[in-house]
Amino acid sequence: MDATRGGEPTPMKNRTTVERKSERELVVTRTVNGPARIVFEAWTKPQLFRQWWVPKSMGMSLRSCEMDVRVGGKYRLEFEPDAMAFFGTYLEVTPHSRLVWTNEEGGEGGPVTTVTFEEKGGKTLLVMHELYPSKEALDAAGTGAADAMGETFEQLDELLVSLDASVGRS
């Protein structure tokens with residue numbers, strides 16, 4: 001693998017795992033190349049989040065990204081070209097270590113998503129846990145979106161390389 005790309009370091013390839021832990025639980029795990037503080041910012045600052053969240057291969061983009069990242073705060077993500085929206089409420093916000101939010105667009109109660117950030121040696125172990133209200137809800141959701149997380153997290157690694165180049169690690 002080429003160690004540079006346009007004079008900038010290429011992010012190391014990390015593996016994303018997607019596991020169905022129970023009838024109602026899906027867990028996505030990945031180590032990303034950046035400190036928890038910066039990774040947390042990439043998840044909580046709209047100007048950063050919109051740069052990496054949507055897999056480029058899907059041919060979509062975020063038309064709107066509203067995030068009030070505090071307990072009780074709301075988020076709303078609107079995609080184009082199909083005007084699909086995801087929205088919910090933040091239940092827990094622990095800077096640099098944990099985010100928990102609801103997914104309310106389904107009507108009958110969507111999953112609750114928990115993301116943890118555990119820093120180890122300048123890298124961050126991300127664990128994204130989705131707890132669905134029923135086996136049927138998880139079956140209906142399938143693993144398509146979770147499977148796309150590999151590409152999404154590669155885009156996060158690319159963003160972290162550019163952020164590291166501009167602000168440096170602390």
# chains A, B, ... in the order shown; residues from 1 in each chain; ligands from 1
>>> select_by_dssp(residues="stretch 16-141 of chain A", states="helix (DSSP H, G or I)", output="NGL selection string")
:A and (36-44 or 46-52 or 56-58 or 135-141)
>>> write_last_selection(atoms="N, CA and C atoms", output="compact mmCIF listing (two decimals), in the first residue's frame")
# COMPACT_ATOMS: atom_id res chain seq x y z
N ALA A 36 -9.55 9.94 21.20
CA ALA A 36 -10.98 9.99 21.50
C ALA A 36 -11.55 11.40 21.43
N ARG A 37 -10.79 12.39 21.85
CA ARG A 37 -11.26 13.77 21.84
C ARG A 37 -11.64 14.21 20.42
N ILE A 38 -10.77 13.91 19.45
CA ILE A 38 -11.01 14.29 18.06
C ILE A 38 -12.11 13.43 17.45
N VAL A 39 -12.11 12.13 17.76
CA VAL A 39 -13.14 11.23 17.22
C VAL A 39 -14.52 11.67 17.72
N PHE A 40 -14.62 12.01 19.01
CA PHE A 40 -15.88 12.47 19.58
C PHE A 40 -16.35 13.73 18.87
N GLU A 41 -15.43 14.65 18.58
CA GLU A 41 -15.80 15.87 17.85
C GLU A 41 -16.34 15.53 16.46
N ALA A 42 -15.75 14.53 15.81
CA ALA A 42 -16.21 14.12 14.47
C ALA A 42 -17.64 13.59 14.52
N TRP A 43 -18.06 13.06 15.67
CA TRP A 43 -19.42 12.54 15.86
C TRP A 43 -20.40 13.62 16.32
N THR A 44 -19.90 14.74 16.85
CA THR A 44 -20.80 15.69 17.50
C THR A 44 -20.81 17.08 16.88
N PRO A 46 -21.57 19.11 13.55
CA PRO A 46 -22.19 18.90 12.24
C PRO A 46 -21.25 19.12 11.07
N GLN A 47 -20.38 20.14 11.13
CA GLN A 47 -19.49 20.43 10.00
C GLN A 47 -18.50 19.29 9.77
N LEU A 48 -18.16 18.54 10.81
CA LEU A 48 -17.28 17.38 10.66
C LEU A 48 -18.08 16.13 10.32
N PHE A 49 -19.18 15.91 11.02
CA PHE A 49 -20.02 14.72 10.83
C PHE A 49 -20.45 14.56 9.37
N ARG A 50 -20.87 15.64 8.77
CA ARG A 50 -21.38 15.54 7.38
C ARG A 50 -20.28 15.18 6.38
N GLN A 51 -19.01 15.31 6.77
CA GLN A 51 -17.90 14.97 5.87
C GLN A 51 -17.65 13.47 5.77
N TRP A 52 -18.15 12.69 6.74
CA TRP A 52 -17.80 11.27 6.73
C TRP A 52 -18.97 10.31 6.89
N LYS A 56 -19.81 7.18 0.39
CA LYS A 56 -19.78 7.80 -0.94
C LYS A 56 -20.36 6.90 -2.02
N SER A 57 -20.22 5.58 -1.83
CA SER A 57 -20.70 4.64 -2.85
C SER A 57 -22.23 4.64 -2.97
N MET A 58 -22.93 5.21 -1.99
CA MET A 58 -24.39 5.22 -2.02
C MET A 58 -24.95 6.32 -2.92
N LYS A 135 -37.32 -8.28 17.96
CA LYS A 135 -36.61 -9.08 16.96
C LYS A 135 -37.08 -8.69 15.56
N GLU A 136 -38.40 -8.49 15.42
CA GLU A 136 -38.98 -8.15 14.12
C GLU A 136 -38.45 -6.82 13.60
N ALA A 137 -38.26 -5.85 14.51
CA ALA A 137 -37.75 -4.54 14.09
C ALA A 137 -36.31 -4.68 13.57
N LEU A 138 -35.49 -5.48 14.24
CA LEU A 138 -34.12 -5.69 13.77
C LEU A 138 -34.13 -6.47 12.46
N ASP A 139 -34.97 -7.50 12.36
CA ASP A 139 -35.08 -8.26 11.11
C ASP A 139 -35.46 -7.34 9.95
N ALA A 140 -36.41 -6.42 10.20
CA ALA A 140 -36.87 -5.51 9.15
C ALA A 140 -35.77 -4.54 8.75
N ALA A 141 -34.97 -4.11 9.72
CA ALA A 141 -33.88 -3.17 9.42
C ALA A 141 -32.78 -3.86 8.62
>>> select_by_dssp(residues="stretch 1-139 of chain A", states="strand (DSSP E)", output="number ranges by chain")
A: 4-5, 8-9, 17-20, 25-32, 61-67, 74-80, 85-94, 98-102, 112-120, 123-131
>>> residues_around(residues="A:Met84", least_positions_apart="5", cutoff="10 Å", atoms="only C-alpha atoms", output="short mmCIF file (atom, residue, chain, number, x, y, z; two decimals) with all heavy atoms, in the first residue's frame")
data_model
loop_
_atom_site.label_atom_id
_atom_site.label_comp_id
_atom_site.auth_asym_id
_atom_site.auth_seq_id
_atom_site.Cartn_x
_atom_site.Cartn_y
_atom_site.Cartn_z
N LEU A 62 -25.66 14.43 2.75
CA LEU A 62 -26.50 15.06 3.77
C LEU A 62 -26.87 16.45 3.29
O LEU A 62 -26.01 17.31 3.12
CB LEU A 62 -25.75 15.16 5.10
CG LEU A 62 -25.72 13.91 5.96
CD1 LEU A 62 -24.82 14.09 7.16
CD2 LEU A 62 -27.12 13.53 6.41
N ARG A 63 -28.14 16.66 3.04
CA ARG A 63 -28.64 17.99 2.66
C ARG A 63 -28.69 18.88 3.89
O ARG A 63 -28.42 20.07 3.83
CB ARG A 63 -30.03 17.86 2.03
CG ARG A 63 -30.68 19.21 1.75
CD ARG A 63 -32.02 19.10 1.10
NE ARG A 63 -32.90 18.24 1.88
CZ ARG A 63 -33.96 17.63 1.39
NH1 ARG A 63 -34.26 17.74 0.12
NH2 ARG A 63 -34.72 16.90 2.16
N LEU A 77 -31.12 14.44 10.46
CA LEU A 77 -30.27 14.28 9.29
C LEU A 77 -31.20 14.10 8.09
O LEU A 77 -32.02 13.19 8.08
CB LEU A 77 -29.37 13.05 9.43
CG LEU A 77 -28.55 12.95 10.72
CD1 LEU A 77 -27.82 11.62 10.77
CD2 LEU A 77 -27.58 14.10 10.83
N GLU A 78 -31.05 14.96 7.08
CA GLU A 78 -31.85 14.83 5.85
C GLU A 78 -30.91 14.56 4.70
O GLU A 78 -29.91 15.26 4.52
CB GLU A 78 -32.65 16.11 5.60
CG GLU A 78 -33.73 16.33 6.63
CD GLU A 78 -34.58 17.56 6.33
OE1 GLU A 78 -34.51 18.09 5.20
OE2 GLU A 78 -35.32 17.96 7.24
N PHE A 79 -31.26 13.55 3.92
CA PHE A 79 -30.42 13.09 2.83
C PHE A 79 -30.99 13.53 1.50
O PHE A 79 -32.20 13.72 1.35
CB PHE A 79 -30.31 11.56 2.85
CG PHE A 79 -29.68 11.03 4.11
CD1 PHE A 79 -30.43 10.83 5.26
CD2 PHE A 79 -28.33 10.76 4.14
CE1 PHE A 79 -29.84 10.36 6.42
CE2 PHE A 79 -27.73 10.28 5.30
CZ PHE A 79 -28.49 10.09 6.43
N GLU A 105 -37.58 7.92 13.68
CA GLU A 105 -38.24 8.07 12.39
C GLU A 105 -39.15 6.90 12.04
O GLU A 105 -39.99 7.02 11.17
CB GLU A 105 -37.22 8.29 11.27
CG GLU A 105 -36.25 7.15 11.06
CD GLU A 105 -35.08 7.14 12.04
OE1 GLU A 105 -34.82 8.14 12.71
OE2 GLU A 105 -34.43 6.09 12.10
#
>>> residues_around(residues="A:Glu80", least_positions_apart="5", cutoff="12 Å", atoms="only C-alpha atoms", output="mmCIF file with C-alpha atoms, in the first residue's frame")
data_model
loop_
_atom_site.group_PDB
_atom_site.id
_atom_site.type_symbol
_atom_site.label_atom_id
_atom_site.label_comp_id
_atom_site.auth_asym_id
_atom_site.auth_seq_id
_atom_site.Cartn_x
_atom_site.Cartn_y
_atom_site.Cartn_z
ATOM 1 C CA VAL A 54 -22.728 8.907 4.341
ATOM 2 C CA MET A 58 -24.392 5.221 -2.019
ATOM 3 C CA GLY A 59 -24.582 8.332 -4.224
ATOM 4 C CA MET A 60 -26.258 10.324 -1.456
ATOM 5 C CA SER A 61 -25.242 13.275 0.690
ATOM 6 C CA LEU A 62 -26.496 15.057 3.768
ATOM 7 C CA ARG A 63 -28.644 17.988 2.657
ATOM 8 C CA SER A 64 -29.156 19.019 6.269
ATOM 9 C CA CYS A 65 -27.377 18.039 9.498
ATOM 10 C CA ALA A 85 -34.676 11.828 7.155
#
>>> atom_distance(atom1="atom CA of A:Pro35", atom2="atom CA of A:Arg98")
13.9 Å
>>> closest_residue(among="A:His129, A:Gly88, A:Thr102, A:Asn33", to="A:Leu163", atoms="only C-alpha atoms")
A:Asn33
>>> closest_residue(among="A:Glu92, A:Phe153, A:Glu158, A:Ser134", to="A:Glu23", atoms="only C-alpha atoms")
A:Ser134
>>> closest_residue(among="A:Val32, A:Leu126, A:Leu159, A:Leu99", to="A:Asn14", atoms="only C-alpha atoms")
A:Val32
>>> atom_distance(atom1="atom CA of A:Leu160", atom2="atom CA of A:Gly34")
6.1 Å
>>> residues_around(residues="A:Leu91", least_positions_apart="2", cutoff="9 Å", atoms="only C-alpha atoms", output="list in words")
Arg70, Val71, Gly72, Gly73, Thr89, Val93, Leu99, Val100, Trp101 and Thr102 of chain A
>>> write_last_selection(atoms="N, CA and C atoms", output="compact mmCIF listing (two decimals), in the first residue's frame")
# COMPACT_ATOMS: atom_id res chain seq x y z
N ARG A 70 -26.63 17.43 23.44
CA ARG A 70 -26.74 17.55 24.89
C ARG A 70 -27.90 16.65 25.31
N VAL A 71 -27.94 16.26 26.56
CA VAL A 71 -29.04 15.41 27.04
C VAL A 71 -30.35 16.15 26.78
N GLY A 72 -31.27 15.49 26.08
CA GLY A 72 -32.54 16.09 25.70
C GLY A 72 -32.51 16.85 24.39
N GLY A 73 -31.30 17.07 23.84
CA GLY A 73 -31.17 17.75 22.56
C GLY A 73 -31.61 16.85 21.42
N THR A 89 -33.47 11.91 19.69
CA THR A 89 -33.11 12.68 20.87
C THR A 89 -31.88 12.08 21.54
N VAL A 93 -24.83 12.14 26.94
CA VAL A 93 -23.68 12.74 26.27
C VAL A 93 -22.57 12.86 27.31
N LEU A 99 -21.96 8.40 23.71
CA LEU A 99 -23.16 9.05 23.18
C LEU A 99 -24.28 8.02 23.13
N VAL A 100 -25.48 8.43 23.52
CA VAL A 100 -26.65 7.56 23.40
C VAL A 100 -27.78 8.41 22.81
N TRP A 101 -28.46 7.86 21.78
CA TRP A 101 -29.57 8.59 21.18
C TRP A 101 -30.67 7.64 20.73
N THR A 102 -31.86 8.22 20.56
CA THR A 102 -32.99 7.47 20.03
C THR A 102 -33.04 7.65 18.53
>>> residues_around(residues="A:Met149", least_positions_apart="4", cutoff="8 Å", atoms="only C-alpha atoms", output="PyMOL selection string")
chain A and resi 16+28+55+145+153
>>> closest_residue(among="A:Pro133, A:Leu156, A:Val127, A:Pro81", to="A:Arg24", atoms="only C-alpha atoms")
A:Pro133
>>> closest_residue(among="A:Val161, A:Gly150, A:Val112, A:Asn103", to="A:Leu26", atoms="only C-alpha atoms")
A:Val112
>>> closest_residue(among="A:Ser162, A:Met128, A:Glu154, A:Met67", to="A:Glu19", atoms="only C-alpha atoms")
A:Met128
